[in-house]
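So this block is protein16.txt, compact mmCIF, C-alpha atoms and all ligand atoms:
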```txt
# COMPACT_ATOMS: atom_id res chain seq x y z
CA MET A 374 -0.37 -23.39 -17.50
CA SER A 375 0.66 -25.62 -20.41
CA GLN A 376 3.38 -24.13 -22.59
CA ALA A 377 2.65 -23.58 -26.30
CA LEU A 378 4.83 -26.01 -28.22
CA PRO A 379 5.88 -25.35 -31.84
CA LEU A 380 3.23 -26.35 -34.36
CA PRO A 381 4.15 -29.40 -36.43
CA PRO A 382 4.96 -28.48 -40.04
CA VAL A 383 2.25 -29.41 -42.56
CA VAL A 384 3.01 -31.19 -45.84
CA ARG A 385 0.36 -31.73 -48.50
CA SER A 386 2.11 -33.76 -51.18
CA VAL A 387 3.53 -37.28 -51.27
CA ALA A 388 6.86 -35.84 -52.46
CA ALA A 389 7.15 -33.42 -49.51
CA LEU A 390 6.10 -36.15 -47.07
CA ARG A 391 8.71 -38.57 -48.41
CA ALA A 392 11.46 -35.91 -48.39
CA GLN A 393 10.92 -35.12 -44.69
CA LEU A 394 10.62 -38.77 -43.64
CA ALA A 395 13.73 -39.72 -45.66
CA GLU A 396 15.71 -37.03 -43.83
CA TRP A 397 14.67 -38.48 -40.47
CA ARG A 398 15.46 -42.00 -41.59
CA ARG A 399 18.96 -40.91 -42.71
CA ALA A 400 19.43 -39.57 -39.18
CA GLY A 401 18.55 -43.03 -37.82
CA ASP A 402 15.07 -42.12 -36.51
CA ASP A 403 12.23 -44.60 -36.62
CA ILE A 404 8.76 -43.36 -37.56
CA ALA A 405 5.22 -43.94 -36.27
CA LEU A 406 2.25 -43.01 -38.45
CA VAL A 407 -1.09 -42.01 -36.89
CA PRO A 408 -3.81 -41.83 -39.59
CA THR A 409 -6.83 -39.67 -38.69
CA MET A 410 -9.72 -37.85 -40.30
CA GLY A 411 -9.12 -34.87 -38.03
CA TYR A 412 -11.35 -33.03 -35.55
CA LEU A 413 -9.01 -34.50 -33.00
CA HIS A 414 -9.93 -35.41 -29.44
CA GLN A 415 -8.14 -37.02 -26.50
CA GLY A 416 -8.45 -40.44 -28.14
CA HIS A 417 -6.37 -39.25 -31.10
CA MET A 418 -3.92 -37.55 -28.75
CA ALA A 419 -3.41 -40.87 -26.97
CA LEU A 420 -2.55 -42.45 -30.34
CA VAL A 421 0.02 -39.72 -31.03
CA ARG A 422 1.53 -40.09 -27.54
CA TYR A 423 1.63 -43.86 -28.07
CA GLY A 424 3.45 -43.30 -31.36
CA LYS A 425 5.89 -40.93 -29.69
CA ALA A 426 6.60 -43.43 -26.91
CA THR A 427 7.20 -46.13 -29.55
CA CYS A 428 9.25 -44.28 -32.19
CA ARG A 429 11.52 -41.25 -32.30
CA ARG A 430 9.26 -39.45 -34.81
CA VAL A 431 5.48 -39.28 -35.17
CA CYS A 432 3.69 -38.24 -38.33
CA ALA A 433 -0.09 -37.74 -38.04
CA THR A 434 -2.24 -37.69 -41.15
CA LEU A 435 -5.40 -35.68 -41.65
CA PHE A 436 -7.61 -36.67 -44.55
CA VAL A 437 -11.39 -36.92 -44.54
CA ASN A 438 -11.51 -39.83 -46.94
CA PRO A 439 -14.45 -39.57 -49.37
CA ALA A 440 -13.97 -43.21 -50.43
CA GLN A 441 -15.21 -44.55 -47.09
CA PHE A 442 -18.49 -42.61 -47.01
CA ALA A 443 -21.66 -43.67 -48.83
CA PRO A 444 -23.42 -40.86 -50.75
CA THR A 445 -26.08 -40.78 -47.99
CA GLU A 446 -23.51 -40.37 -45.20
CA ASP A 447 -21.88 -37.38 -43.51
CA PHE A 448 -18.81 -36.69 -45.70
CA GLN A 449 -19.85 -33.08 -46.42
CA THR A 450 -20.75 -32.28 -42.81
CA TYR A 451 -17.96 -34.27 -41.11
CA PRO A 452 -16.44 -31.80 -38.61
CA ARG A 453 -13.18 -30.18 -39.73
CA ASP A 454 -10.76 -27.90 -37.84
CA GLU A 455 -7.21 -28.14 -39.19
CA ALA A 456 -5.86 -25.19 -37.16
CA GLY A 457 -7.25 -26.61 -33.92
CA ASP A 458 -5.94 -30.08 -34.82
CA ARG A 459 -2.45 -28.72 -35.41
CA ALA A 460 -2.39 -27.02 -32.00
CA LYS A 461 -3.48 -30.27 -30.32
CA LEU A 462 -0.90 -32.29 -32.24
CA ALA A 463 1.80 -29.90 -31.02
CA GLN A 464 0.81 -30.59 -27.41
CA ALA A 465 0.97 -34.37 -27.99
CA GLY A 466 4.50 -34.17 -29.44
CA CYS A 467 3.65 -34.75 -33.11
CA ASP A 468 6.57 -34.00 -35.46
CA LEU A 469 4.76 -33.68 -38.79
CA LEU A 470 1.22 -33.35 -40.14
CA TYR A 471 0.47 -34.85 -43.54
CA ALA A 472 -2.77 -33.31 -44.81
CA PRO A 473 -3.06 -34.17 -48.50
CA THR A 474 -5.67 -32.73 -50.81
CA THR A 475 -8.25 -35.03 -52.38
CA GLU A 476 -6.52 -34.53 -55.75
CA GLU A 477 -3.19 -35.67 -54.26
CA MET A 478 -4.76 -38.80 -52.79
CA TYR A 479 -7.12 -39.62 -55.65
CA PRO A 480 -5.72 -38.03 -58.82
CA GLU A 481 -7.74 -37.85 -62.02
CA GLY A 482 -8.31 -41.38 -63.33
CA PHE A 483 -7.84 -43.12 -59.96
CA ALA A 484 -9.48 -46.55 -60.39
CA THR A 485 -8.23 -48.91 -57.68
CA ARG A 486 -10.01 -50.20 -54.62
CA ILE A 487 -8.80 -52.72 -52.04
CA THR A 488 -11.48 -55.22 -51.03
CA VAL A 489 -11.18 -57.18 -47.80
CA THR A 490 -13.53 -60.11 -47.17
CA GLY A 491 -13.96 -62.20 -44.00
CA VAL A 492 -13.26 -59.88 -41.11
CA ALA A 493 -14.67 -56.88 -43.04
CA GLU A 494 -18.04 -58.58 -43.50
CA GLY A 495 -20.87 -58.29 -40.96
CA LEU A 496 -21.04 -55.78 -38.09
CA CYS A 497 -20.23 -52.31 -39.54
CA GLY A 498 -19.41 -53.94 -42.88
CA ALA A 499 -23.08 -54.93 -43.20
CA PHE A 500 -24.49 -51.53 -42.26
CA ARG A 501 -21.85 -49.40 -44.05
CA PRO A 502 -20.88 -51.50 -47.10
CA GLN A 503 -18.85 -48.60 -48.50
CA MET A 504 -16.64 -48.20 -45.49
CA PHE A 505 -13.97 -50.88 -45.24
CA GLY A 506 -13.08 -50.84 -48.94
CA GLY A 507 -12.51 -47.10 -48.62
CA VAL A 508 -10.53 -47.50 -45.39
CA ALA A 509 -8.39 -50.30 -46.85
CA THR A 510 -7.68 -48.26 -49.98
CA VAL A 511 -6.68 -45.06 -48.19
CA VAL A 512 -4.70 -46.78 -45.43
CA THR A 513 -2.78 -48.85 -48.01
CA LYS A 514 -1.92 -45.61 -49.81
CA LEU A 515 -0.89 -43.84 -46.58
CA LEU A 516 1.33 -46.78 -45.60
CA ASN A 517 2.94 -46.81 -49.06
CA GLN A 518 3.40 -43.06 -49.05
CA ALA A 519 5.03 -42.89 -45.60
CA SER A 520 6.57 -46.37 -45.18
CA PRO A 521 6.42 -46.03 -41.38
CA ASP A 522 7.90 -48.56 -38.96
CA VAL A 523 4.68 -48.64 -36.95
CA ALA A 524 1.13 -47.42 -37.62
CA VAL A 525 -1.21 -46.80 -34.70
CA PHE A 526 -5.01 -47.19 -34.71
CA GLY A 527 -7.61 -46.99 -31.93
CA GLU A 528 -9.33 -50.06 -30.52
CA LYS A 529 -12.54 -48.03 -30.51
CA ASP A 530 -12.80 -48.93 -34.20
CA TYR A 531 -12.12 -52.56 -33.37
CA GLN A 532 -13.35 -54.10 -36.63
CA GLN A 533 -11.39 -51.49 -38.60
CA LEU A 534 -8.24 -52.41 -36.64
CA LEU A 535 -8.67 -56.11 -37.53
CA VAL A 536 -9.43 -55.27 -41.18
CA ILE A 537 -6.20 -53.23 -41.35
CA ARG A 538 -4.19 -56.04 -39.72
CA ARG A 539 -5.69 -58.47 -42.25
CA PHE A 540 -4.79 -56.59 -45.44
CA VAL A 541 -1.37 -55.58 -44.10
CA ARG A 542 -0.60 -59.27 -43.60
CA ASP A 543 -2.25 -60.32 -46.88
CA LEU A 544 -0.41 -57.69 -48.94
CA ASP A 545 2.94 -58.19 -47.14
CA LEU A 546 3.13 -54.52 -46.21
CA PRO A 547 6.30 -54.03 -44.14
CA VAL A 548 4.79 -52.23 -41.15
CA ARG A 549 3.74 -53.14 -37.62
CA ILE A 550 0.12 -52.32 -36.77
CA ASP A 551 -0.45 -51.39 -33.13
CA GLY A 552 -3.85 -50.93 -31.48
CA ALA A 553 -4.24 -48.45 -28.60
CA PRO A 554 -7.00 -48.65 -25.98
CA THR A 555 -10.21 -46.61 -26.30
CA VAL A 556 -10.16 -43.29 -24.46
CA ARG A 557 -13.42 -42.48 -22.68
CA GLU A 558 -15.07 -39.43 -21.19
CA PRO A 559 -15.63 -39.64 -17.40
CA SER A 560 -19.20 -40.82 -18.22
CA GLY A 561 -17.78 -43.84 -20.07
CA LEU A 562 -18.73 -42.50 -23.52
CA ALA A 563 -16.01 -43.44 -26.00
CA MET A 564 -14.35 -40.34 -27.46
CA SER A 565 -15.35 -39.83 -31.09
CA SER A 566 -15.31 -36.92 -33.50
CA ARG A 567 -18.98 -37.70 -34.18
CA ASN A 568 -19.88 -36.98 -30.52
CA ALA A 569 -19.89 -33.36 -31.75
CA TYR A 570 -23.24 -34.15 -33.43
CA LEU A 571 -24.94 -34.85 -30.07
CA SER A 572 -27.24 -32.41 -28.23
CA ALA A 573 -26.79 -32.00 -24.45
CA GLU A 574 -29.65 -34.45 -23.86
CA GLN A 575 -28.23 -37.05 -26.27
CA ARG A 576 -24.79 -36.67 -24.72
CA ALA A 577 -26.32 -37.55 -21.33
CA GLN A 578 -28.01 -40.63 -22.85
CA ALA A 579 -25.08 -41.85 -24.98
CA PRO A 580 -22.94 -43.36 -22.15
CA GLU A 581 -25.60 -46.08 -21.78
CA LEU A 582 -24.08 -47.75 -24.86
CA PHE A 583 -20.88 -48.47 -22.93
CA ALA A 584 -22.79 -49.22 -19.71
CA ALA A 585 -24.92 -51.82 -21.50
CA LEU A 586 -21.87 -53.45 -23.10
CA THR A 587 -19.98 -53.49 -19.80
CA ALA A 588 -22.90 -55.11 -17.95
CA ALA A 589 -23.26 -57.73 -20.71
CA ALA A 590 -19.51 -58.45 -20.73
CA GLU A 591 -19.51 -58.88 -16.94
CA SER A 592 -22.47 -61.23 -17.13
CA LEU A 593 -20.77 -63.36 -19.83
CA ALA A 594 -17.49 -63.39 -17.88
CA ARG A 595 -19.41 -64.77 -14.87
CA GLY A 596 -20.76 -67.54 -17.10
CA GLY A 597 -24.15 -65.88 -17.55
CA GLY A 598 -26.27 -66.79 -20.53
CA PRO A 599 -27.60 -67.88 -22.84
CA VAL A 600 -25.60 -65.42 -24.94
CA GLU A 601 -28.61 -64.32 -27.02
CA ALA A 602 -30.50 -63.39 -23.83
CA VAL A 603 -27.55 -61.31 -22.57
CA LEU A 604 -27.26 -59.54 -25.95
CA GLY A 605 -31.04 -58.98 -26.06
CA ALA A 606 -30.95 -57.34 -22.63
CA ALA A 607 -28.14 -55.06 -23.78
CA ARG A 608 -30.12 -54.04 -26.89
CA GLN A 609 -33.17 -53.26 -24.75
CA ARG A 610 -31.12 -51.18 -22.34
CA ILE A 611 -29.65 -49.13 -25.21
CA VAL A 612 -33.10 -48.41 -26.68
CA ALA A 613 -34.54 -47.63 -23.22
CA ALA A 614 -31.76 -45.06 -22.76
CA GLY A 615 -33.07 -43.06 -25.73
CA PHE A 616 -31.19 -44.45 -28.73
CA ALA A 617 -33.44 -44.44 -31.82
CA SER A 618 -32.23 -47.86 -33.04
CA VAL A 619 -29.58 -50.49 -32.53
CA ASP A 620 -27.71 -51.65 -35.64
CA TYR A 621 -26.13 -54.53 -33.75
CA VAL A 622 -24.90 -55.84 -30.42
CA GLU A 623 -22.84 -58.92 -31.11
CA LEU A 624 -20.42 -61.28 -29.42
CA ARG A 625 -17.45 -62.23 -31.60
CA ASP A 626 -14.11 -63.96 -31.31
CA ALA A 627 -11.58 -61.25 -30.41
CA GLU A 628 -9.07 -62.27 -33.08
CA THR A 629 -11.13 -63.47 -36.04
CA LEU A 630 -14.49 -61.75 -35.37
CA ALA A 631 -16.15 -65.12 -36.02
CA THR A 632 -19.63 -65.41 -34.47
CA ILE A 633 -19.56 -67.38 -31.21
CA ASP A 634 -22.20 -68.55 -28.77
CA ARG A 635 -19.88 -69.40 -25.86
CA VAL A 636 -16.89 -67.57 -24.41
CA VAL A 637 -14.01 -70.02 -24.21
CA ARG A 638 -11.33 -67.74 -25.70
CA PRO A 639 -10.90 -63.96 -25.52
CA ALA A 640 -13.98 -62.42 -27.10
CA ARG A 641 -15.29 -58.98 -27.92
CA LEU A 642 -18.73 -57.46 -27.55
CA LEU A 643 -19.32 -54.93 -30.30
CA ALA A 644 -22.22 -52.51 -30.79
CA ALA A 645 -23.43 -49.77 -33.09
CA ALA A 646 -26.52 -47.68 -32.38
CA ARG A 647 -28.09 -44.48 -33.62
CA ILE A 648 -28.88 -41.50 -31.44
CA GLY A 649 -30.08 -38.25 -32.97
CA PRO A 650 -27.89 -37.51 -36.00
CA ALA A 651 -25.04 -39.76 -34.80
CA ARG A 652 -24.26 -43.42 -35.28
CA LEU A 653 -22.06 -44.43 -32.34
CA ILE A 654 -19.95 -47.57 -32.11
CA ASP A 655 -18.23 -49.12 -29.11
CA ASN A 656 -16.77 -52.44 -27.98
CA VAL A 657 -15.44 -54.12 -24.86
CA ALA A 658 -13.32 -57.18 -24.15
CA VAL A 659 -14.95 -60.31 -22.74
CA VAL A 660 -12.72 -62.70 -20.84
CA PRO A 661 -13.59 -66.42 -20.69
CA PRO A 662 -15.23 -67.30 -17.33
CA ALA A 663 -12.32 -69.52 -16.20
CA ALA A 664 -9.89 -66.60 -16.64
CA VAL A 665 -11.86 -64.18 -14.39
O1 LIG B 1 -10.43 -44.21 -38.19
C1 LIG B 1 -10.34 -43.26 -38.99
O2 LIG B 1 -10.29 -42.09 -38.60
C2 LIG B 1 -10.30 -43.55 -40.48
O3 LIG B 1 -11.12 -44.62 -40.81
C3 LIG B 1 -8.87 -43.75 -41.03
C4 LIG B 1 -8.22 -44.98 -40.43
C5 LIG B 1 -8.03 -42.52 -40.73
C6 LIG B 1 -8.93 -43.94 -42.54
O4 LIG B 1 -9.53 -42.87 -43.18
```
Is it possible to express this structure as structure tokens?
Ligand code: PAF
Amino acid sequence: MSQALPLPPVVRSVAALRAQLAEWRRAGDDIALVPTMGYLHQGHMALVRYGKATCRRVCATLFVNPAQFAPTEDFQTYPRDEAGDRAKLAQAGCDLLYAPTTEEMYPEGFATRITVTGVAEGLCGAFRPQMFGGVATVVTKLLNQASPDVAVFGEKDYQQLLVIRRFVRDLDLPVRIDGAPTVREPSGLAMSSRNAYLSAEQRAQAPELFAALTAAAESLARGGGPVEAVLGAARQRIVAAGFASVDYVELRDAETLATIDRVVRPARLLAAARIGPARLIDNVAVVPPAAV
């Protein structure tokens, strides 16, 4: 039986956050920040454990960020469970939970937005034009508020990870950005808070997204092609599994997300598709054929 560990204290203001982190810094502790929107699952727990293995202290953040949702999206219905999240964070060794109010994050008169071009364009940036500006704005604020040594993000949101790396470099923010591997259910389905939207039937169909990407990546790594035919087969497989529509299945350079039609350097296959009320995303690495 797992022992109940003490719940991490919760702070809701920038001042309280900075006071606690300053105390740890005075004691010589380094700090990892794990930003989340809550409704935590094993994927988030892996990020917290990664942070704990990397730094003496881990601070998780919980903020469902209105700035990254379009008015038509699921901000109001996004699943929330702060008490459950806190209990899970305790088990993963989290030292502090920063859960600011919307007023603390976006006070009256707030008028700034960070815009990232290049890597933020296309893929999810094309289908959710609101998203990366909102992510860049809130993550910049979180990094400024906490000034962590390291911030940890999941590779499941691969484009988001590269967008964050881009603006951190562009704005000279003094923090290291680490990516941690995607955590999957035994079926292969990538863990996501939005999996909670799926019915039992959709949950049985959803792993085909990863299966289709894996098959396509294996084919490309064996030198299969042409690329468009491999991607087309993956799209068909996803729709045949019961997804209502495919936003994209694309092959991109793993570092720049530039469109490519041959795999000569590390690449990434990325997909987004809609099933029932959920829009699921996933991605897998593609190694150049010579490296297999
Ligand atoms: O990946 C998420 O959960 C969010 O986009 C993030 C990085 C916490 C910003 O709101």
Of the candidates A:Pro439, A:Gly491, A:Gly615, A:Pro547, which shows the shortest atom-to-atom distance to Asp522 of chain A, using all atoms listed in the file?
->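 Result for the nearest residue to Asp522 of chain A: A:Pro547.
Rounded to one decimal, atom CA of Asp402 of chain A and atom CA of Ala519 of chain A lie 13.6 Å from each other.
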Each residue of chain A with at least one atom at most 6 Å from ligand LIG 1 (chain B) should appear once, together with its nearest atom pair and the corresponding distance in Å (one decimal); atoms considered: all atoms listed in the file; ordering: chain, then increasing residue number; output as a Markdown table.
```
| residue | atom | partner | partner_atom | distance |
| --- | --- | --- | --- | --- |
| A:Pro408 | CA | B:LIG1 | C5 | 4.4 |
| A:Thr409 | CA | B:LIG1 | C5 | 3.7 |
| A:Met410 | CA | B:LIG1 | O2 | 4.6 |
| A:Asn438 | CA | B:LIG1 | O4 | 5.2 |
| A:Val508 | CA | B:LIG1 | C6 | 4.8 |
| A:Val512 | CA | B:LIG1 | C6 | 5.9 |
```
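Residues surrounding segment 429-434 of chain A within 7 Å are A:Asp402, A:Asp403, A:Ile404, A:Ala405, A:Leu406, A:Val407, A:Pro408, A:Thr409, A:Val421, A:Gly424, A:Cys467, A:Asp468, A:Leu469, A:Leu470, A:Tyr471, A:Ala472 [all atoms listed in the file; sequence separation below 5 positions excluded].
The gap separating atom CA of Arg501 of chain A from atom CA of Ala645 of chain A is 11.1 Å, in Å to one decimal.
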Residue neighbourhood Tyr531 of chain A, 10 Å, only C-alpha atoms, exclusion window fewer than 5 positions, as JSON, numbers by chain | {"A": [526, 536, 537, 552, 554, 555, 627, 630, 641, 643, 654, 655, 656, 657]}
Would you please work out which residue, of A:Ala563, A:Ala590, A:Val492, A:Ala460, is nearest to Leu534 of chain A when using all atoms listed in the file?
->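 Between A:Ala563, A:Ala590, A:Val492, A:Ala460, the residue approaching Leu534 of chain A most closely is A:Val492.
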